[in-house]
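S.K.: Dumping the structure here so I can ask a few things about it.
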Amino acid sequence: MIDDENDEDILNKSVSLKKVLKNILLILLIGVGALFIYLGGENQMTNLIIGFSLICVGTSLIQIQKQIPEPIRQTLTILACNLCNITNVRHYEHGDYVFKEIGSCDKCNESMRIKQIYNVRLKKPTIDTKKTDEKKKKVEEKVKV
Ligand SMILES: [Zn+2]
């Protein structure tokens, strides 16, 4: 019963089938461990130890799985032109602060100021310039809204 509910939750979160199967296997592992403890048998002490260690392995594996890899965080600096309000996004550089004047606008040559500094979560590092450009576009769209 509880397993079914868990599976539904996992599917709703569109987690890959592999992860679902892994979770089922781990739950089974814990279940088998519990069975060893409950059934006892001839060598009750041995079964208890086997059961306990199975549960330990199962639960610790689940905990490892739950440790979602930390998303890559990147600090971005948004520059805005004083005159035409064009925004520019670039990687945060040491010494950046809001309202700091940096460079000049590509369009009107008016000085640009840092409008905002913020952190974004990325699935992949944007060291690749092409990917950075894509991210820039997305960020710029957000800024316009
Ligand atoms: Zn401008």
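FYI, nothing fancy with the structure tokens labels: chains A, B, ... in order, residues from 1 per chain, ligands from 1 as they appear.
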Just the residues within 7 Å of range 37-41 of chain A, please, counting only C-alpha atoms, with nothing from its chain fewer than 6 positions along; format it as a tab-separated table (two decimals) with C-alpha atoms, in the first residue's frame.
M.R.:
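Full text of out_33.tsv as output:
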```
chain	number	residue	atom	x	y	z
A	47	ASN	CA	19.08	-13.95	11.09
A	48	LEU	CA	18.73	-10.90	13.27
A	51	GLY	CA	18.18	-8.71	8.70
```
S.K.: What's around Leu29 in chain A at 7 Å? Count only C-alpha atoms, leave out sequence neighbours fewer than 6 positions away in its own chain, and write the answer as an NGL selection string.
M.R.: :A and (54-55 or 58)
S.K.: Each residue of chain A lying at most 8 Å from ligand 1 should get a row with its shortest atom-to-atom pair and the distance in Å to one decimal, counting only C-alpha atoms and all ligand atoms; could you produce that, ordered by chain and increasing number, as a Markdown table?
M.R.:
```
| residue | atom | partner | partner_atom_place_in_ligand_line | distance |
| --- | --- | --- | --- | --- |
| A:Ala80 | CA | ligand 1 | 1 (Zn) | 7.9 |
| A:Cys81 | CA | ligand 1 | 1 (Zn) | 4.6 |
| A:Asn82 | CA | ligand 1 | 1 (Zn) | 6.4 |
| A:Leu83 | CA | ligand 1 | 1 (Zn) | 5.0 |
| A:Cys84 | CA | ligand 1 | 1 (Zn) | 4.2 |
| A:Asn85 | CA | ligand 1 | 1 (Zn) | 6.1 |
| A:Ile86 | CA | ligand 1 | 1 (Zn) | 5.7 |
| A:Ser104 | CA | ligand 1 | 1 (Zn) | 7.7 |
| A:Cys105 | CA | ligand 1 | 1 (Zn) | 4.6 |
| A:Asp106 | CA | ligand 1 | 1 (Zn) | 6.5 |
| A:Lys107 | CA | ligand 1 | 1 (Zn) | 5.1 |
| A:Cys108 | CA | ligand 1 | 1 (Zn) | 4.3 |
| A:Asn109 | CA | ligand 1 | 1 (Zn) | 6.0 |
| A:Glu110 | CA | ligand 1 | 1 (Zn) | 5.4 |
| A:Ser111 | CA | ligand 1 | 1 (Zn) | 7.5 |
| A:Met112 | CA | ligand 1 | 1 (Zn) | 7.5 |
```
S.K.: For N, CA, C and O atoms, I'd like the residues from the last selection saved as an mmCIF file, in the first residue's frame.
M.R.:
```cif
data_model
loop_
_atom_site.group_PDB
_atom_site.id
_atom_site.type_symbol
_atom_site.label_atom_id
_atom_site.label_comp_id
_atom_site.auth_asym_id
_atom_site.auth_seq_id
_atom_site.Cartn_x
_atom_site.Cartn_y
_atom_site.Cartn_z
ATOM 1 N N ALA A 80 22.633 47.679 -16.881
ATOM 2 C CA ALA A 80 21.581 48.409 -17.580
ATOM 3 C C ALA A 80 22.111 49.764 -18.011
ATOM 4 O O ALA A 80 22.844 50.426 -17.270
ATOM 5 N N CYS A 81 21.727 50.156 -19.217
ATOM 6 C CA CYS A 81 22.147 51.457 -19.736
ATOM 7 C C CYS A 81 21.308 52.545 -19.064
ATOM 8 O O CYS A 81 20.107 52.388 -18.871
ATOM 9 N N ASN A 82 21.950 53.638 -18.743
ATOM 10 C CA ASN A 82 21.246 54.743 -18.095
ATOM 11 C C ASN A 82 20.241 55.394 -19.030
ATOM 12 O O ASN A 82 19.217 55.908 -18.596
ATOM 13 N N LEU A 83 20.558 55.377 -20.307
ATOM 14 C CA LEU A 83 19.749 56.134 -21.256
ATOM 15 C C LEU A 83 18.671 55.266 -21.915
ATOM 16 O O LEU A 83 17.493 55.560 -21.816
ATOM 17 N N CYS A 84 19.112 54.228 -22.604
ATOM 18 C CA CYS A 84 18.147 53.460 -23.396
ATOM 19 C C CYS A 84 17.668 52.197 -22.689
ATOM 20 O O CYS A 84 16.900 51.433 -23.270
ATOM 21 N N ASN A 85 18.119 51.994 -21.458
ATOM 22 C CA ASN A 85 17.622 50.878 -20.641
ATOM 23 C C ASN A 85 17.933 49.491 -21.193
ATOM 24 O O ASN A 85 17.304 48.523 -20.801
ATOM 25 N N ILE A 86 18.885 49.431 -22.095
ATOM 26 C CA ILE A 86 19.301 48.121 -22.604
ATOM 27 C C ILE A 86 19.966 47.351 -21.462
ATOM 28 O O ILE A 86 20.714 47.944 -20.672
ATOM 29 N N SER A 104 30.448 51.119 -21.196
ATOM 30 C CA SER A 104 29.473 51.970 -21.855
ATOM 31 C C SER A 104 28.545 51.137 -22.734
ATOM 32 O O SER A 104 28.888 50.026 -23.136
ATOM 33 N N CYS A 105 27.393 51.705 -23.008
ATOM 34 C CA CYS A 105 26.367 51.014 -23.779
ATOM 35 C C CYS A 105 26.823 50.834 -25.225
ATOM 36 O O CYS A 105 27.439 51.717 -25.816
ATOM 37 N N ASP A 106 26.497 49.669 -25.779
ATOM 38 C CA ASP A 106 26.871 49.399 -27.171
ATOM 39 C C ASP A 106 26.110 50.300 -28.133
ATOM 40 O O ASP A 106 26.578 50.633 -29.211
ATOM 41 N N LYS A 107 24.936 50.690 -27.739
ATOM 42 C CA LYS A 107 24.053 51.442 -28.648
ATOM 43 C C LYS A 107 24.319 52.949 -28.588
ATOM 44 O O LYS A 107 24.524 53.596 -29.614
ATOM 45 N N CYS A 108 24.271 53.487 -27.384
ATOM 46 C CA CYS A 108 24.300 54.943 -27.273
ATOM 47 C C CYS A 108 25.551 55.461 -26.558
ATOM 48 O O CYS A 108 25.668 56.664 -26.340
ATOM 49 N N ASN A 109 26.435 54.552 -26.190
ATOM 50 C CA ASN A 109 27.691 54.941 -25.527
ATOM 51 C C ASN A 109 27.509 55.591 -24.161
ATOM 52 O O ASN A 109 28.464 56.091 -23.584
ATOM 53 N N GLU A 110 26.305 55.599 -23.679
ATOM 54 C CA GLU A 110 26.060 56.096 -22.328
ATOM 55 C C GLU A 110 26.630 55.073 -21.332
ATOM 56 O O GLU A 110 26.708 53.888 -21.645
ATOM 57 N N SER A 111 27.030 55.531 -20.173
ATOM 58 C CA SER A 111 27.602 54.601 -19.191
ATOM 59 C C SER A 111 26.539 53.629 -18.688
ATOM 60 O O SER A 111 25.368 53.971 -18.584
ATOM 61 N N MET A 112 27.006 52.425 -18.392
ATOM 62 C CA MET A 112 26.092 51.398 -17.902
ATOM 63 C C MET A 112 26.314 51.176 -16.413
ATOM 64 O O MET A 112 27.433 51.300 -15.917
#
```
S.K.: Applying 10 Å and only C-alpha atoms, which residues near Phe52 in chain A remain after dropping the ones on its own chain fewer than 5 positions away? List them as a list in words.
M.R.: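 Contacts, in chain order: Ile30, Val32, Gly33, Ala34, Phe36, Ile37, Thr46, Asn47, Val57 and Gly58 of chain A.
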S.K.: When you count only C-alpha atoms, which of these residues is closest to Gln63 in chain A: A:Asn23, A:Leu35, A:Met45, A:Asp96?
M.R.: A:Asn23
S.K.: Check the smallest atom-to-atom distance from each of A:Ile49, A:Val89, A:Leu61, A:Ile114 to Leu76 in chain A using only C-alpha atoms, then report the winner.
M.R.: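 Ranking A:Ile49, A:Val89, A:Leu61, A:Ile114 by distance to Leu76 in chain A, first place goes to A:Val89.
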S.K.: Please identify which residues in range 25-138 of chain A DSSP calls alpha helix (DSSP H) from the backbone, and express them as a PyMOL selection string.
M.R.: chain A and resi 25-39+44-66+129-138
S.K.: Quote the spacing between CA of Ile24 in chain A and CA of Ser53 in chain A in Å to one decimal place.
M.R.: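 Spanning CA of Ile24 in chain A to CA of Ser53 in chain A is a straight-line distance of 17.9 Å.
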S.K.: Using only C-alpha atoms, find the one residue out of A:Val120, A:Ile64, A:Leu26, A:Val20 that sits nearest to His91 in chain A.
M.R.: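 Of all the options, A:Val120 lies closest to His91 in chain A.
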S.K.: Check the DSSP output for the backbone and give back, as a VMD selection string, the residues of range 51-103 of chain A in strand (DSSP E or B).
M.R.: chain A and resid 72 to 81 87 to 91 101 to 103
S.K.: Save the residues we just selected, C-alpha atoms, as a PDB file, in the first residue's frame?
M.R.:
```pdb
ATOM      1  CA  ILE A  72      25.524  24.485 -10.165  1.00  0.00           C
ATOM      2  CA  ARG A  73      25.079  28.015  -9.014  1.00  0.00           C
ATOM      3  CA  GLN A  74      26.325  30.906 -10.964  1.00  0.00           C
ATOM      4  CA  THR A  75      26.332  34.543 -10.049  1.00  0.00           C
ATOM      5  CA  LEU A  76      25.281  36.850 -12.838  1.00  0.00           C
ATOM      6  CA  THR A  77      25.516  40.580 -13.073  1.00  0.00           C
ATOM      7  CA  ILE A  78      22.873  42.521 -14.977  1.00  0.00           C
ATOM      8  CA  LEU A  79      24.041  45.773 -16.479  1.00  0.00           C
ATOM      9  CA  ALA A  80      21.581  48.409 -17.580  1.00  0.00           C
ATOM     10  CA  CYS A  81      22.147  51.457 -19.736  1.00  0.00           C
ATOM     11  CA  THR A  87      20.287  45.289 -20.323  1.00  0.00           C
ATOM     12  CA  ASN A  88      23.387  43.221 -20.527  1.00  0.00           C
ATOM     13  CA  VAL A  89      24.092  40.058 -18.587  1.00  0.00           C
ATOM     14  CA  ARG A  90      27.535  38.812 -17.809  1.00  0.00           C
ATOM     15  CA  HIS A  91      29.258  36.671 -15.242  1.00  0.00           C
ATOM     16  CA  GLU A 101      29.237  52.087 -13.296  1.00  0.00           C
ATOM     17  CA  ILE A 102      30.762  49.697 -15.750  1.00  0.00           C
ATOM     18  CA  GLY A 103      31.742  50.380 -19.340  1.00  0.00           C
TER      19      GLY A 103
END
```
S.K.: Quick one: pull the distance between CA of Tyr92 in chain A and CA of Glu70 in chain A, Å, one decimal.
M.R.: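 That distance, rounded to one decimal, is 19.9 Å.
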S.K.: Rounded to one decimal in Å, what is the spacing between CA of Gln67 in chain A and CA of Ile50 in chain A?
M.R.: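 Atom-to-atom, CA of Gln67 in chain A to CA of Ile50 in chain A, that is 26.0 Å.
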